[in-house]
Amino acid sequence: MTLTPEAAARRRLYRRRRWTVGIVLVVVLALIATAAIVVGTYVDANNGIHRSSIRGMEGPAQNTGETNILIMGLDSRVDENGNPFPQAIYDQIHAEDASVGGYNTNVLMLIHIPAGGGKAVGISIPRDDYVDFPDAPNGVEKGKIKEAYGDAFEAARQSSNGSGSADAYQKARTAARQSTIDTVSAFLGGVRIDHFVEVTMAAFYEVAEAVQPVTVCLNHATADTYSGADFPAGVQELNAAQAMAFVRQRRDTTDSDFDMTDLDRTRRQQAFMVSLAVKLRQASTFTDFGKLQKLIAVAKKDVALDDKLDLLSFAQQAQSLSGGNISFVTLPIDHFDTVDGQSVNIVDVDAIRAQVHDLLNPPTPTPAPSSSATKDAGSGGTAGQGSGTPSPATPHPVYTDSSSPLQAGTVPCVN
C-alpha cells in the first residue's frame, strides 16, 4: 500500500502522541436527553445537537426492533464545530492544545439492543485493527480501523478546494462518519448500523465533571506519566481529571512488573461505563438545575448524532442498560505486526464475523435450573480469576484479563 505524502505526514502526526478520548456511552446521552426534558428545553436541545444524514440507516424504528448503535470517540482536540477547547480542559486532560492529534476514532463500540427488551451487548473494536477501507479515501485501501475517519475527513476537505467555510467543515465531518460506519459494517460482516453517537474528548471530561465523583476499582496500583494516571489498588472515587486518566492509561511507567496494554485500556473504558451507570442511578443530578443546563450545553458542542436518532426513544432504551441489562466484550487480536512503519493488530476476520454473528443472534434462553443446580454450577467461578463472579468477601466482580465478558450492574475491578 502506497500512501500519498499528505496521508503519510498525517499519520506521522498521529504517531507523535497517541491519546484516547474515553467514551460517553448511551447512558450519558440518555442523561442529556432527560436533562433536556426536565429543564423544559427538549426541542432546543434536540435541534441544537449536530446531526448527519447517513446512508444505509434504514433499520426498524426505535423501540420496535433490534437496534445497532455505533459509538465513536474521537481523539481530536477540537469541538464539533472545529473550535479549540478552553485551555483549562486541555490542562486537566493532559492534551496540550488544538494543534496536537488528529481525527482518529480511538474508541469504537457497537451497542446491540435486541428487540423485546432482551440483554444488550457492547462490542469493543480495538482501534489498531488492520482492516480494509471500502471507501478508500485518498486511495488508501487498508489501515488501522481508527484511521478511516481522519482519512475520509481529509479527502473531503481536499475535494472542497480548500474551502474553510463552516459548511465545508461539517460536510467533511459527515463524510468521515459515513466512511467509519461503512468500514465497521464491512469489517463485522455487513452488520446493519442504525444509528451513531460521536463524542469528543471534552464531552467525556465535562460529563464526568458534572457527575463526579465516580467509583472505580483497580486490581493493581499503577501510574503513568503520559496520561497523568496515579492510582492505588482497590475501590476509589475519581474526579473528572482522574476519570480521564483512568480511561486513557495504556501503560505503566513505574518499576512494577504490571504489564498494561491497549486491550486493558479498552476494558477500563468498559468498566468506567458500568461505574458511570451505577453513579447515575444513585446521583442527585436531576435536582441540580445547573448540572442539567451544563449537560445540554455539552451535547450541543461535543456530541453528534445521525438525523434519525430520537432522544426520547433513546432515553427509554438506555434506562434498562443503566440498570445492568448489558455486557461488554472486546474483539480478539490474532497477533501484532508492523505495516508501513506502524504497529497494527492483525485479526482473523472470519473468526471475528462469526463471533459477532453469535453475539447479535444469541440462542433462545433455556428455562432456569433448580436452585440446587444453580448453586452447584456457580461454585466453580471465583473472583480474581477473570470470571467476573463476586464472592461474599468481594462485592466487586474481578476481571483479570480483557477477553471475558464484563457484566454491567455493579462496579467491577479491572487492570
# chains A, B, ... in the order shown; residues from 1 in each chain; ligands from 1
>>> residues_around(residues="Val298 in chain A", least_positions_apart="2", cutoff="9 Å", atoms="only C-alpha atoms", output="list in words")
Ile32, Ala202, Ala203, Glu206, Val207, Gln293, Lys294, Leu295, Ile296, Lys300, Lys301, Asp302 and Val303 of chain A
>>> atom_distance(atom1="CA of Leu309 in chain A", atom2="CA of Pro114 in chain A")
16.3 Å
>>> residues_around(residues="Ala243 in chain A", least_positions_apart="6", cutoff="12 Å", atoms="only C-alpha atoms", output="PyMOL selection string")
chain A and resi 21-24+92-93+201+204-209+211-217+227-231+236-237+249+268-269+271-273+275-276
>>> atom_distance(atom1="CA of Asp194 in chain A", atom2="CA of Pro332 in chain A")
24.0 Å
>>> residues_around(residues="Arg51 in chain A", least_positions_apart="4", cutoff="6 Å", atoms="only C-alpha atoms", output="list in words")
Ala304, Leu305, Asp306 and Asp307 of chain A
>>> atom_distance(atom1="CA of Glu147 in chain A", atom2="CA of Tyr226 in chain A")
21.9 Å
>>> select_by_dssp(residues="range 123-346 of chain A", states="strand (DSSP E or B)", output="ChimeraX atom specification")
/A:123-124,129-132,142-144,195-199,214-218,222-224,229-231,234-238,303-306,326-330,335-339,342-346
>>> residues_around(residues="Thr261 in chain A", least_positions_apart="4", cutoff="12 Å", atoms="only C-alpha atoms", output="CSV table (one decimal) with C-alpha atoms, in the first residue's frame")
chain,number,residue,atom,x,y,z
A,126,PRO,CA,-9.6,-2.4,19.1
A,248,ARG,CA,-6.7,6.9,28.7
A,249,GLN,CA,-4.0,4.9,30.5
A,250,ARG,CA,-2.4,2.2,28.4
A,251,ARG,CA,1.0,1.7,30.0
A,252,ASP,CA,2.5,1.6,33.5
A,253,THR,CA,5.6,3.7,33.9
A,265,ARG,CA,-7.4,0.3,28.4
A,266,THR,CA,-10.4,-0.9,26.4
A,267,ARG,CA,-11.5,-2.9,29.4
A,268,ARG,CA,-11.0,0.2,31.6
A,401,ASP,CA,-8.0,-10.1,31.6
A,402,SER,CA,-9.7,-8.4,28.7
A,415,ASN,CA,-6.5,-4.0,35.5
